Amino acid sequence: MTLKPAACRPATLAIAVFLVMPVAAGLIGTALPALGYLPAAGAREMSLAPVSMLMETPGLSRSVFLSLGSGLAATALSLLLVFLLLAGWMNSPVFTVLRRLLAPLLSVPHAAAALGLALVIAPSGLLVRLAAPFSPALDRPPDWLILQDPFALSLTLGLVLKEVPFLLLMALAALHQVAALPRVRLAESLGYGRIAAFIYAVAPSLYRQMRLPVLAVLAFSTSVVDMALILGPGLPATLSVRVAGWMGDPDLAIRMKGAAGALLQLGVSGLAVLVWISAERLAGFLVRHMATGGRRLASDRTVRALSLVWIYILVVLAVASLCVLGLWSVSGTWHYPDVLPRRWTVQPWLQAGSDLIKSVSTTLFLGLSVSLVAAVVVVAMLQEGARTRGQPVLGHGGAWMSALVFLPLLVPQVAFLFGLQVLFLQAGLDGSWWAVAVSHLVFVLPYVILSLSGPWAALDPRYRQLALSLGASEAKVFWRIRLPLMLPALATAVALGLAVSVSQYLPTLLVGGGRVVTVTTEAVALASGGSRPLIAVHALAQILLPFAGFAVAALLPRLVVPRLYSGTFS
């Protein structure tokens, strides 16, 4: 998805600098310890000792292959399912229903989705409990290695569950730019099957619009930590999990080894991108070969039906994950193989008590603060573009600004967060609320830009032109016309920023140093050995915060500007 060009002004430059500087400074701050320079540990001369320690780590190559394989597989499967859904069912009632079912899943934090999925697919989880009455062999939980399997299949499934809604949203935002429906209908009129028509006529153009989001998904999937801790293999773990563990070690020499591992993770994600680009070219060649060969693939009902089945399986798993979290959060006694708890209680919520209230309060205050700051800065940038060029725009050349927006999402978190942690430590801010807020803002800001830029650019410029012709100032046009009309989009952007902030695990853990406790860090910590009811309580709290944010975003325009959004405007 390409962002529109504009004159480069102070607010745009400030955002560009903020998107680049933390990543660049973090990479430098990671590279120096990886090369043996860490004055805090007494290492003041360059050395390859951390790299040597890393290379001697048992199981390192398997960790690399697990990260690479699960990331590539999850990204490819997610993109394939989205394209098959669009190709087979775009503009149909089924597609409308699925879009409405998948959209709310976008706001579910990754850790909460992983926890819910774990309680569904575990050997004693909901799926096995449902099957137990029909098989005597399931009178006890089967000895199946489903969670944390050695091939990272559960992790791949969890990533697909989370990334399909995101890629579908990106695809829907880009569809109108490629005139998808007219192209498909024209190809169908020439005898092509629906899927072939989409793949030949729409997919190449659509993918070009989605390329950066897809690469961001790939970078995230190859370096995810919270989901890998819950669903991924343990011996050995994925590379990102091992690196995160080394970075939190009290031994500074191990932390230097973690810095070397972070650079290796950067290389693994870079290798995944190279493999992906090679796969892009191969796929493009195959599509062109099939198209020029006249393969119409008119009989595609089976493929369309199978694609729909897989999407429905994902939806069922997602809904089941949310339901099972709700059941465990109020369960008193729930023995295997009972499908439902024998006793219901609110004791898990009471047991979480003050600790949950404190972590939720910290999470909410942190998320709202960061999201509001991001919204103000982005609005200033967009308004600057509207004032200087008459339309809201983002910078000189859409391509480079798009790349900057996605930069914090394209670089693995573990690759630069350790460097940021070192820089905050030297500045005396390590473990502070402000340091965590800055680290969250790095990831919230791109999503707020992406959320606001489209609606801002879509506003009819004649509103502004008419107001200016009647003598209104730019400030009055902004406060009296543009801001009320943009209030729904602005509220949604803030809610999205809150959802992104709530889901941040690694920035909170590393930069916060364990002193800033959010509901996400608590939920992931409990996943390693806490009781299931407490895990469910924290996961639900993690889910309810973004849901509440989007609910408030939907109601706020009606409350603030009732005459404009309640249908009574006259």
# chains A, B, ... in the order shown; residues from 1 in each chain; ligands from 1
$ residues_around --residues "Ala216 of chain A" --least-positions-apart "5" --cutoff "9 Å" --atoms "only C-alpha atoms" --output "short mmCIF file (atom, residue, chain, number, x, y, z; two decimals) with N, CA and C atoms, in the first residue's frame"
data_model
loop_
_atom_site.label_atom_id
_atom_site.label_comp_id
_atom_site.auth_asym_id
_atom_site.auth_seq_id
_atom_site.Cartn_x
_atom_site.Cartn_y
_atom_site.Cartn_z
N ARG A 211 2.89 -5.31 -0.63
CA ARG A 211 4.19 -5.94 -0.43
C ARG A 211 4.83 -5.58 0.90
N SER A 221 7.00 -12.71 11.96
CA SER A 221 6.82 -14.15 12.14
C SER A 221 8.14 -14.87 12.37
N PHE A 406 7.01 1.57 7.63
CA PHE A 406 7.11 0.15 7.95
C PHE A 406 8.46 -0.25 8.53
N LEU A 407 9.43 0.68 8.60
CA LEU A 407 10.77 0.33 9.06
C LEU A 407 10.78 -0.34 10.44
N PRO A 408 10.11 0.23 11.47
CA PRO A 408 10.12 -0.45 12.77
C PRO A 408 9.45 -1.83 12.74
N LEU A 409 8.59 -2.05 11.72
CA LEU A 409 7.91 -3.33 11.61
C LEU A 409 8.71 -4.32 10.77
N LEU A 410 9.61 -3.81 9.93
CA LEU A 410 10.41 -4.68 9.07
C LEU A 410 11.67 -5.19 9.77
N VAL A 411 12.16 -4.45 10.75
CA VAL A 411 13.36 -4.86 11.49
C VAL A 411 12.92 -5.65 12.71
#
$ residues_around --residues "Ala132 of chain A" --least-positions-apart "4" --cutoff "10 Å" --atoms "only C-alpha atoms" --output "list in words"
Ser124, Leu126, Leu127, Val128, Pro136, Ala137, Leu138, Asp139, Arg140, Pro141, Tyr336, Pro337, Asp338 and Val339 of chain A
$ write_last_selection --atoms "all heavy atoms" --output "mmCIF file, in the first residue's frame"
data_model
loop_
_atom_site.group_PDB
_atom_site.id
_atom_site.type_symbol
_atom_site.label_atom_id
_atom_site.label_comp_id
_atom_site.auth_asym_id
_atom_site.auth_seq_id
_atom_site.Cartn_x
_atom_site.Cartn_y
_atom_site.Cartn_z
ATOM 1 N N SER A 124 -5.114 -31.891 26.677
ATOM 2 C CA SER A 124 -6.269 -31.858 27.572
ATOM 3 C C SER A 124 -7.171 -30.672 27.268
ATOM 4 O O SER A 124 -7.965 -30.249 28.111
ATOM 5 C CB SER A 124 -5.812 -31.776 29.030
ATOM 6 O OG SER A 124 -5.033 -30.604 29.244
ATOM 7 N N LEU A 126 -9.839 -28.200 24.710
ATOM 8 C CA LEU A 126 -11.252 -28.286 24.364
ATOM 9 C C LEU A 126 -11.519 -29.280 23.239
ATOM 10 O O LEU A 126 -12.492 -30.046 23.298
ATOM 11 C CB LEU A 126 -11.759 -26.895 23.968
ATOM 12 C CG LEU A 126 -13.246 -26.790 23.632
ATOM 13 C CD1 LEU A 126 -14.106 -27.131 24.846
ATOM 14 C CD2 LEU A 126 -13.586 -25.397 23.118
ATOM 15 N N LEU A 127 -10.676 -29.317 22.216
ATOM 16 C CA LEU A 127 -10.923 -30.206 21.080
ATOM 17 C C LEU A 127 -10.887 -31.672 21.507
ATOM 18 O O LEU A 127 -11.735 -32.480 21.101
ATOM 19 C CB LEU A 127 -9.904 -29.954 19.969
ATOM 20 C CG LEU A 127 -10.011 -28.620 19.230
ATOM 21 C CD1 LEU A 127 -8.949 -28.522 18.142
ATOM 22 C CD2 LEU A 127 -11.399 -28.448 18.621
ATOM 23 N N VAL A 128 -9.906 -32.041 22.324
ATOM 24 C CA VAL A 128 -9.816 -33.429 22.793
ATOM 25 C C VAL A 128 -10.977 -33.745 23.723
ATOM 26 O O VAL A 128 -11.527 -34.860 23.696
ATOM 27 C CB VAL A 128 -8.465 -33.672 23.479
ATOM 28 C CG1 VAL A 128 -8.383 -35.111 24.011
ATOM 29 C CG2 VAL A 128 -7.316 -33.409 22.515
ATOM 30 N N PRO A 136 -12.864 -44.426 23.519
ATOM 31 C CA PRO A 136 -12.378 -44.917 24.818
ATOM 32 C C PRO A 136 -10.891 -44.615 25.042
ATOM 33 O O PRO A 136 -10.448 -44.521 26.176
ATOM 34 C CB PRO A 136 -12.625 -46.432 24.727
ATOM 35 C CG PRO A 136 -13.655 -46.598 23.662
ATOM 36 C CD PRO A 136 -13.427 -45.498 22.688
ATOM 37 N N ALA A 137 -10.144 -44.472 23.965
ATOM 38 C CA ALA A 137 -8.713 -44.197 24.106
ATOM 39 C C ALA A 137 -8.431 -42.809 24.680
ATOM 40 O O ALA A 137 -7.302 -42.524 25.094
ATOM 41 C CB ALA A 137 -8.019 -44.331 22.744
ATOM 42 N N LEU A 138 -9.464 -41.953 24.688
ATOM 43 C CA LEU A 138 -9.283 -40.579 25.182
ATOM 44 C C LEU A 138 -9.842 -40.397 26.581
ATOM 45 O O LEU A 138 -10.182 -39.284 26.982
ATOM 46 C CB LEU A 138 -9.955 -39.591 24.216
ATOM 47 C CG LEU A 138 -9.382 -39.542 22.793
ATOM 48 C CD1 LEU A 138 -10.165 -38.564 21.939
ATOM 49 C CD2 LEU A 138 -7.901 -39.167 22.811
ATOM 50 N N ASP A 139 -9.932 -41.508 27.367
ATOM 51 C CA ASP A 139 -10.409 -41.371 28.744
ATOM 52 C C ASP A 139 -9.405 -40.625 29.608
ATOM 53 O O ASP A 139 -9.736 -40.109 30.678
ATOM 54 C CB ASP A 139 -10.723 -42.740 29.356
ATOM 55 C CG ASP A 139 -9.495 -43.649 29.347
ATOM 56 O OD1 ASP A 139 -8.591 -43.406 28.526
ATOM 57 O OD2 ASP A 139 -9.460 -44.590 30.159
ATOM 58 N N ARG A 140 -8.145 -40.562 29.134
ATOM 59 C CA ARG A 140 -7.109 -39.750 29.757
ATOM 60 C C ARG A 140 -6.501 -38.844 28.684
ATOM 61 O O ARG A 140 -6.548 -39.182 27.497
ATOM 62 C CB ARG A 140 -6.008 -40.631 30.363
ATOM 63 C CG ARG A 140 -6.488 -41.497 31.527
ATOM 64 C CD ARG A 140 -5.341 -42.296 32.085
ATOM 65 N NE ARG A 140 -5.767 -43.130 33.199
ATOM 66 C CZ ARG A 140 -4.950 -43.921 33.895
ATOM 67 N NH1 ARG A 140 -3.663 -43.980 33.563
ATOM 68 N NH2 ARG A 140 -5.424 -44.646 34.889
ATOM 69 N N PRO A 141 -5.913 -37.731 29.089
ATOM 70 C CA PRO A 141 -5.284 -36.876 28.072
ATOM 71 C C PRO A 141 -4.224 -37.648 27.304
ATOM 72 O O PRO A 141 -3.358 -38.295 27.909
ATOM 73 C CB PRO A 141 -4.656 -35.743 28.900
ATOM 74 C CG PRO A 141 -5.458 -35.691 30.153
ATOM 75 C CD PRO A 141 -5.865 -37.113 30.426
ATOM 76 N N TYR A 336 -10.584 -33.169 33.416
ATOM 77 C CA TYR A 336 -10.656 -33.879 32.140
ATOM 78 C C TYR A 336 -11.453 -35.163 32.362
ATOM 79 O O TYR A 336 -11.298 -35.822 33.402
ATOM 80 C CB TYR A 336 -9.243 -34.198 31.659
ATOM 81 C CG TYR A 336 -9.204 -34.901 30.327
ATOM 82 C CD1 TYR A 336 -9.156 -34.172 29.154
ATOM 83 C CD2 TYR A 336 -9.221 -36.290 30.246
ATOM 84 C CE1 TYR A 336 -9.131 -34.810 27.916
ATOM 85 C CE2 TYR A 336 -9.198 -36.937 29.025
ATOM 86 C CZ TYR A 336 -9.155 -36.200 27.867
ATOM 87 O OH TYR A 336 -9.132 -36.828 26.653
ATOM 88 N N PRO A 337 -12.346 -35.590 31.468
ATOM 89 C CA PRO A 337 -12.634 -35.068 30.122
ATOM 90 C C PRO A 337 -13.918 -34.240 30.064
ATOM 91 O O PRO A 337 -14.576 -34.225 29.034
ATOM 92 C CB PRO A 337 -12.781 -36.349 29.321
ATOM 93 C CG PRO A 337 -13.436 -37.294 30.274
ATOM 94 C CD PRO A 337 -12.949 -36.936 31.637
ATOM 95 N N ASP A 338 -14.285 -33.564 31.154
ATOM 96 C CA ASP A 338 -15.515 -32.763 31.152
ATOM 97 C C ASP A 338 -15.421 -31.666 30.100
ATOM 98 O O ASP A 338 -14.410 -30.955 29.999
ATOM 99 C CB ASP A 338 -15.737 -32.133 32.526
ATOM 100 C CG ASP A 338 -15.961 -33.173 33.611
ATOM 101 O OD1 ASP A 338 -16.359 -34.300 33.253
ATOM 102 O OD2 ASP A 338 -15.727 -32.862 34.786
ATOM 103 N N VAL A 339 -16.497 -31.498 29.325
ATOM 104 C CA VAL A 339 -16.520 -30.456 28.305
ATOM 105 C C VAL A 339 -16.721 -29.084 28.935
ATOM 106 O O VAL A 339 -16.180 -28.082 28.451
ATOM 107 C CB VAL A 339 -17.629 -30.746 27.269
ATOM 108 C CG1 VAL A 339 -17.741 -29.622 26.254
ATOM 109 C CG2 VAL A 339 -17.356 -32.070 26.558
#
$ closest_residue --among "A:Pro484, A:Gly232, A:Gly367, A:Gly514" --to "Ser432 of chain A" --atoms "only C-alpha atoms"
A:Gly514
$ residues_around --residues "segment 436-443 of chain A" --least-positions-apart "4" --cutoff "8 Å" --atoms "only C-alpha atoms" --output "list in words"
Phe18, Leu19, Pro22, Leu366, Val370, Ser371, Ala374, Pro408, Leu409, Gly431, Ser432, Tyr447, Val500, Ser501, Gln504, Pro507, Thr508, Val511, Gly512 and Val516 of chain A
$ select_by_dssp --residues "segment 399-557 of chain A" --states "helix (DSSP H, G or I)" --output "ChimeraX atom specification"
/A:399-410,413-426,433-458,462-469,474-502,506-512,519-527,532-557
$ residues_around --residues "Leu496 of chain A" --least-positions-apart "5" --cutoff "9 Å" --atoms "only C-alpha atoms" --output "PDB file with all heavy atoms, in the first residue's frame"
ATOM      1  N   SER A 107      -7.861  -7.112  16.657  1.00  0.00           N
ATOM      2  CA  SER A 107      -7.554  -6.403  17.895  1.00  0.00           C
ATOM      3  C   SER A 107      -7.133  -7.329  19.027  1.00  0.00           C
ATOM      4  O   SER A 107      -6.746  -6.852  20.099  1.00  0.00           O
ATOM      5  CB  SER A 107      -8.774  -5.579  18.340  1.00  0.00           C
ATOM      6  OG  SER A 107      -9.859  -6.429  18.647  1.00  0.00           O
ATOM      7  N   SER A 371      -0.830   6.353  22.435  1.00  0.00           N
ATOM      8  CA  SER A 371      -1.720   6.468  21.281  1.00  0.00           C
ATOM      9  C   SER A 371      -2.143   7.910  21.045  1.00  0.00           C
ATOM     10  O   SER A 371      -2.214   8.367  19.896  1.00  0.00           O
ATOM     11  CB  SER A 371      -2.960   5.594  21.484  1.00  0.00           C
ATOM     12  OG  SER A 371      -2.591   4.251  21.673  1.00  0.00           O
ATOM     13  N   VAL A 444       3.681   1.929  17.742  1.00  0.00           N
ATOM     14  CA  VAL A 444       2.320   2.447  17.626  1.00  0.00           C
ATOM     15  C   VAL A 444       2.214   3.453  16.482  1.00  0.00           C
ATOM     16  O   VAL A 444       1.231   3.461  15.730  1.00  0.00           O
ATOM     17  CB  VAL A 444       1.871   3.081  18.957  1.00  0.00           C
ATOM     18  CG1 VAL A 444       0.573   3.868  18.782  1.00  0.00           C
ATOM     19  CG2 VAL A 444       1.692   2.001  20.025  1.00  0.00           C
ATOM     20  N   TYR A 447       1.230   2.311  12.849  1.00  0.00           N
ATOM     21  CA  TYR A 447      -0.160   1.897  12.696  1.00  0.00           C
ATOM     22  C   TYR A 447      -1.106   3.094  12.706  1.00  0.00           C
ATOM     23  O   TYR A 447      -2.109   3.108  11.986  1.00  0.00           O
ATOM     24  CB  TYR A 447      -0.546   0.921  13.810  1.00  0.00           C
ATOM     25  CG  TYR A 447       0.034  -0.460  13.621  1.00  0.00           C
ATOM     26  CD1 TYR A 447       1.198  -0.845  14.264  1.00  0.00           C
ATOM     27  CD2 TYR A 447      -0.576  -1.377  12.773  1.00  0.00           C
ATOM     28  CE1 TYR A 447       1.742  -2.103  14.080  1.00  0.00           C
ATOM     29  CE2 TYR A 447      -0.048  -2.643  12.581  1.00  0.00           C
ATOM     30  CZ  TYR A 447       1.112  -3.002  13.242  1.00  0.00           C
ATOM     31  OH  TYR A 447       1.643  -4.250  13.048  1.00  0.00           O
ATOM     32  N   VAL A 448      -0.816   4.099  13.511  1.00  0.00           N
ATOM     33  CA  VAL A 448      -1.655   5.296  13.528  1.00  0.00           C
ATOM     34  C   VAL A 448      -1.540   6.036  12.202  1.00  0.00           C
ATOM     35  O   VAL A 448      -2.536   6.535  11.663  1.00  0.00           O
ATOM     36  CB  VAL A 448      -1.274   6.202  14.712  1.00  0.00           C
ATOM     37  CG1 VAL A 448      -2.051   7.516  14.666  1.00  0.00           C
ATOM     38  CG2 VAL A 448      -1.549   5.492  16.040  1.00  0.00           C
ATOM     39  N   SER A 451      -3.529   4.103   9.680  1.00  0.00           N
ATOM     40  CA  SER A 451      -4.962   4.182   9.955  1.00  0.00           C
ATOM     41  C   SER A 451      -5.554   5.527   9.562  1.00  0.00           C
ATOM     42  O   SER A 451      -6.679   5.599   9.060  1.00  0.00           O
ATOM     43  CB  SER A 451      -5.214   3.906  11.436  1.00  0.00           C
ATOM     44  OG  SER A 451      -6.577   4.045  11.763  1.00  0.00           O
ATOM     45  N   ALA A 491     -10.687   8.553  16.336  1.00  0.00           N
ATOM     46  CA  ALA A 491     -10.960   7.688  17.482  1.00  0.00           C
ATOM     47  C   ALA A 491     -10.543   6.243  17.195  1.00  0.00           C
ATOM     48  O   ALA A 491      -9.987   5.559  18.066  1.00  0.00           O
ATOM     49  CB  ALA A 491     -12.442   7.745  17.842  1.00  0.00           C
ATOM     50  N   SER A 501      -0.247  -1.121  21.520  1.00  0.00           N
ATOM     51  CA  SER A 501       0.519  -0.939  22.752  1.00  0.00           C
ATOM     52  C   SER A 501       0.274  -2.082  23.735  1.00  0.00           C
ATOM     53  O   SER A 501       1.204  -2.580  24.365  1.00  0.00           O
ATOM     54  CB  SER A 501       0.158   0.405  23.391  1.00  0.00           C
ATOM     55  OG  SER A 501       0.834   0.576  24.622  1.00  0.00           O
ATOM     56  N   PRO A 546      -8.379  -3.741  24.294  1.00  0.00           N
ATOM     57  CA  PRO A 546      -8.594  -3.260  22.914  1.00  0.00           C
ATOM     58  C   PRO A 546     -10.064  -3.231  22.514  1.00  0.00           C
ATOM     59  O   PRO A 546     -10.499  -2.302  21.829  1.00  0.00           O
ATOM     60  CB  PRO A 546      -7.803  -4.265  22.056  1.00  0.00           C
ATOM     61  CG  PRO A 546      -6.821  -4.870  22.985  1.00  0.00           C
ATOM     62  CD  PRO A 546      -7.480  -4.910  24.322  1.00  0.00           C
ATOM     63  N   GLY A 549     -11.541  -0.227  23.840  1.00  0.00           N
ATOM     64  CA  GLY A 549     -11.073   0.929  23.086  1.00  0.00           C
ATOM     65  C   GLY A 549     -11.846   1.126  21.793  1.00  0.00           C
ATOM     66  O   GLY A 549     -12.260   2.246  21.473  1.00  0.00           O
ATOM     67  N   PHE A 550     -12.087   0.051  21.065  1.00  0.00           N
ATOM     68  CA  PHE A 550     -12.832   0.171  19.811  1.00  0.00           C
ATOM     69  C   PHE A 550     -14.310   0.480  20.075  1.00  0.00           C
ATOM     70  O   PHE A 550     -14.953   1.176  19.276  1.00  0.00           O
ATOM     71  CB  PHE A 550     -12.687  -1.109  18.988  1.00  0.00           C
ATOM     72  CG  PHE A 550     -11.376  -1.214  18.275  1.00  0.00           C
ATOM     73  CD1 PHE A 550     -10.404  -2.100  18.702  1.00  0.00           C
ATOM     74  CD2 PHE A 550     -11.102  -0.410  17.183  1.00  0.00           C
ATOM     75  CE1 PHE A 550      -9.184  -2.200  18.056  1.00  0.00           C
ATOM     76  CE2 PHE A 550      -9.885  -0.486  16.520  1.00  0.00           C
ATOM     77  CZ  PHE A 550      -8.926  -1.383  16.966  1.00  0.00           C
TER      78      PHE A 550
END
$ closest_residue --among "A:Ala523, A:Leu368, A:Val316, A:Leu68" --to "Pro109 of chain A" --atoms "only C-alpha atoms"
A:Ala523
$ residues_around --residues "segment 148-159 of chain A" --least-positions-apart "3" --cutoff "7 Å" --atoms "only C-alpha atoms" --output "MDAnalysis selection string"
chainID A and resid 66 70 73:74 114 145 162:163 221 227:228 231:234
$ write_last_selection --atoms "N, CA, C and O atoms" --output "CSV table (one decimal), in the first residue's frame"
chain,number,residue,atom,x,y,z
A,66,LEU,N,14.1,-23.3,12.8
A,66,LEU,CA,12.8,-23.2,13.3
A,66,LEU,C,12.2,-21.8,13.1
A,66,LEU,O,11.1,-21.6,12.6
A,70,SER,N,9.2,-21.5,10.3
A,70,SER,CA,7.8,-21.2,10.8
A,70,SER,C,7.4,-19.8,10.3
A,70,SER,O,6.3,-19.6,9.9
A,73,ALA,N,6.6,-20.2,6.5
A,73,ALA,CA,5.4,-21.0,6.3
A,73,ALA,C,4.1,-20.2,6.7
A,73,ALA,O,3.1,-20.2,6.0
A,74,ALA,N,4.2,-19.5,7.9
A,74,ALA,CA,3.1,-18.8,8.3
A,74,ALA,C,2.7,-17.7,7.4
A,74,ALA,O,1.5,-17.4,7.1
A,114,ALA,N,-2.5,-16.7,21.4
A,114,ALA,CA,-1.7,-17.9,21.6
A,114,ALA,C,-2.2,-18.6,22.8
A,114,ALA,O,-2.3,-19.9,22.8
A,145,LEU,N,2.4,-34.7,21.6
A,145,LEU,CA,3.2,-33.4,21.7
A,145,LEU,C,2.6,-32.4,20.7
A,145,LEU,O,3.1,-32.3,19.5
A,162,LYS,N,-3.4,-15.2,13.5
A,162,LYS,CA,-3.3,-13.7,13.7
A,162,LYS,C,-3.1,-12.9,12.5
A,162,LYS,O,-3.5,-11.8,12.4
A,163,GLU,N,-2.3,-13.5,11.5
A,163,GLU,CA,-1.9,-12.7,10.4
A,163,GLU,C,-2.9,-12.7,9.3
A,163,GLU,O,-2.9,-11.7,8.5
A,221,SER,N,7.0,-12.7,12.0
A,221,SER,CA,6.8,-14.2,12.1
A,221,SER,C,8.1,-14.9,12.4
A,221,SER,O,8.2,-15.9,13.1
A,227,MET,N,4.4,-15.3,21.3
A,227,MET,CA,3.7,-16.5,20.8
A,227,MET,C,4.6,-17.7,20.8
A,227,MET,O,4.2,-18.8,21.0
A,228,ALA,N,5.9,-17.5,20.5
A,228,ALA,CA,6.8,-18.6,20.5
A,228,ALA,C,7.1,-19.2,21.9
A,228,ALA,O,7.3,-20.4,22.0
A,231,LEU,N,3.6,-21.2,22.3
A,231,LEU,CA,3.2,-22.3,21.3
A,231,LEU,C,4.5,-23.0,20.7
A,231,LEU,O,4.4,-24.1,20.2
A,232,GLY,N,5.6,-22.3,20.7
A,232,GLY,CA,6.8,-22.8,20.0
A,232,GLY,C,7.5,-23.9,20.8
A,232,GLY,O,7.2,-24.2,21.9
A,233,PRO,N,8.4,-24.5,20.1
A,233,PRO,CA,9.2,-25.6,20.7
A,233,PRO,C,10.1,-25.1,21.8
A,233,PRO,O,10.4,-23.9,21.9
A,234,GLY,N,10.5,-26.0,22.7
A,234,GLY,CA,11.3,-25.6,23.8
A,234,GLY,C,12.7,-26.0,23.8
A,234,GLY,O,13.6,-25.3,24.3
$ atom_distance --atom1 "atom CA of Gly36 of chain A" --atom2 "atom CA of Leu264 of chain A"
15.1 Å
$ atom_distance --atom1 "atom CA of Phe65 of chain A" --atom2 "atom CA of Ser52 of chain A"
19.5 Å
$ atom_distance --atom1 "atom CA of Asp249 of chain A" --atom2 "atom CA of Leu506 of chain A"
14.4 Å
$ closest_residue --among "A:Val561, A:Val405, A:Phe166, A:Gly59" --to "Arg480 of chain A" --atoms "only C-alpha atoms"
A:Val561
$ closest_residue --among "A:Leu509, A:Leu498, A:Ala380, A:Leu327" --to "Ala14 of chain A" --atoms "only C-alpha atoms"
A:Ala380
$ residues_around --residues "segment 352-354 of chain A" --least-positions-apart "4" --cutoff "9 Å" --atoms "only C-alpha atoms" --output "number ranges by chain"
A: 347-348, 358-359, 534, 537-538
$ write_last_selection --atoms "N, CA, C and O atoms" --output "PDB file, in the first residue's frame"
ATOM      1  N   GLN A 347     -13.690 -16.806  41.698  1.00  0.00           N
ATOM      2  CA  GLN A 347     -12.490 -16.822  42.519  1.00  0.00           C
ATOM      3  C   GLN A 347     -11.219 -16.485  41.744  1.00  0.00           C
ATOM      4  O   GLN A 347     -10.346 -15.774  42.270  1.00  0.00           O
ATOM      5  N   PRO A 348     -11.067 -16.962  40.477  1.00  0.00           N
ATOM      6  CA  PRO A 348      -9.844 -16.567  39.741  1.00  0.00           C
ATOM      7  C   PRO A 348      -9.698 -15.056  39.589  1.00  0.00           C
ATOM      8  O   PRO A 348      -8.586 -14.523  39.700  1.00  0.00           O
ATOM      9  N   LYS A 358      -3.621  -3.384  39.054  1.00  0.00           N
ATOM     10  CA  LYS A 358      -2.423  -2.561  38.861  1.00  0.00           C
ATOM     11  C   LYS A 358      -1.857  -2.736  37.453  1.00  0.00           C
ATOM     12  O   LYS A 358      -1.516  -1.746  36.782  1.00  0.00           O
ATOM     13  N   SER A 359      -1.762  -3.990  36.989  1.00  0.00           N
ATOM     14  CA  SER A 359      -1.196  -4.214  35.661  1.00  0.00           C
ATOM     15  C   SER A 359      -2.111  -3.681  34.561  1.00  0.00           C
ATOM     16  O   SER A 359      -1.639  -3.125  33.558  1.00  0.00           O
ATOM     17  N   LEU A 534      -5.996 -18.490  36.187  1.00  0.00           N
ATOM     18  CA  LEU A 534      -5.303 -17.201  36.257  1.00  0.00           C
ATOM     19  C   LEU A 534      -4.781 -16.782  34.881  1.00  0.00           C
ATOM     20  O   LEU A 534      -4.820 -15.599  34.527  1.00  0.00           O
ATOM     21  N   VAL A 537      -7.732 -15.395  33.047  1.00  0.00           N
ATOM     22  CA  VAL A 537      -8.122 -14.072  33.542  1.00  0.00           C
ATOM     23  C   VAL A 537      -7.241 -12.992  32.929  1.00  0.00           C
ATOM     24  O   VAL A 537      -7.735 -11.960  32.435  1.00  0.00           O
ATOM     25  N   HIS A 538      -5.927 -13.201  32.939  1.00  0.00           N
ATOM     26  CA  HIS A 538      -5.023 -12.184  32.388  1.00  0.00           C
ATOM     27  C   HIS A 538      -5.155 -12.079  30.873  1.00  0.00           C
ATOM     28  O   HIS A 538      -5.061 -10.974  30.313  1.00  0.00           O
TER      29      HIS A 538
END
$ closest_residue --among "A:Arg515, A:Arg532, A:Arg464, A:Arg185" --to "Leu429 of chain A" --atoms "only C-alpha atoms"
A:Arg515
$ residues_around --residues "Ala112 of chain A" --least-positions-apart "3" --cutoff "8 Å" --atoms "only C-alpha atoms" --output "list in words"
Val108, Pro109, Leu115, Gly116, Ala523, Ala539, Leu540, Gln542 and Ile543 of chain A
$ write_last_selection --atoms "N, CA and C atoms" --output "JSON list (two decimals), in the first residue's frame"
[["chain", "number", "residue", "atom", "x", "y", "z"],
["A", 108, "VAL", "N", -7.21, -8.65, 18.82],
["A", 108, "VAL", "CA", -6.80, -9.58, 19.86],
["A", 108, "VAL", "C", -5.28, -9.62, 19.93],
["A", 109, "PRO", "N", -4.66, -9.31, 21.06],
["A", 109, "PRO", "CA", -3.20, -9.35, 21.15],
["A", 109, "PRO", "C", -2.65, -10.73, 20.85],
["A", 115, "LEU", "N", -2.46, -17.94, 23.91],
["A", 115, "LEU", "CA", -2.93, -18.60, 25.13],
["A", 115, "LEU", "C", -4.27, -19.29, 24.90],
["A", 116, "GLY", "N", -5.20, -18.62, 24.22],
["A", 116, "GLY", "CA", -6.49, -19.22, 23.93],
["A", 116, "GLY", "C", -6.35, -20.44, 23.03],
["A", 523, "ALA", "N", 0.64, -12.11, 31.63],
["A", 523, "ALA", "CA", 0.00, -13.26, 30.99],
["A", 523, "ALA", "C", 1.04, -14.23, 30.45],
["A", 539, "ALA", "N", -5.36, -13.21, 30.20],
["A", 539, "ALA", "CA", -5.54, -13.16, 28.75],
["A", 539, "ALA", "C", -6.82, -12.43, 28.38],
["A", 540, "LEU", "N", -7.90, -12.68, 29.13],
["A", 540, "LEU", "CA", -9.16, -11.97, 28.87],
["A", 540, "LEU", "C", -9.01, -10.48, 29.13],
["A", 542, "GLN", "N", -6.36, -8.81, 28.80],
["A", 542, "GLN", "CA", -5.58, -8.31, 27.67],
["A", 542, "GLN", "C", -6.46, -8.10, 26.44],
["A", 543, "ILE", "N", -7.45, -8.96, 26.25],
["A", 543, "ILE", "CA", -8.35, -8.85, 25.10],
["A", 543, "ILE", "C", -9.37, -7.74, 25.30]]
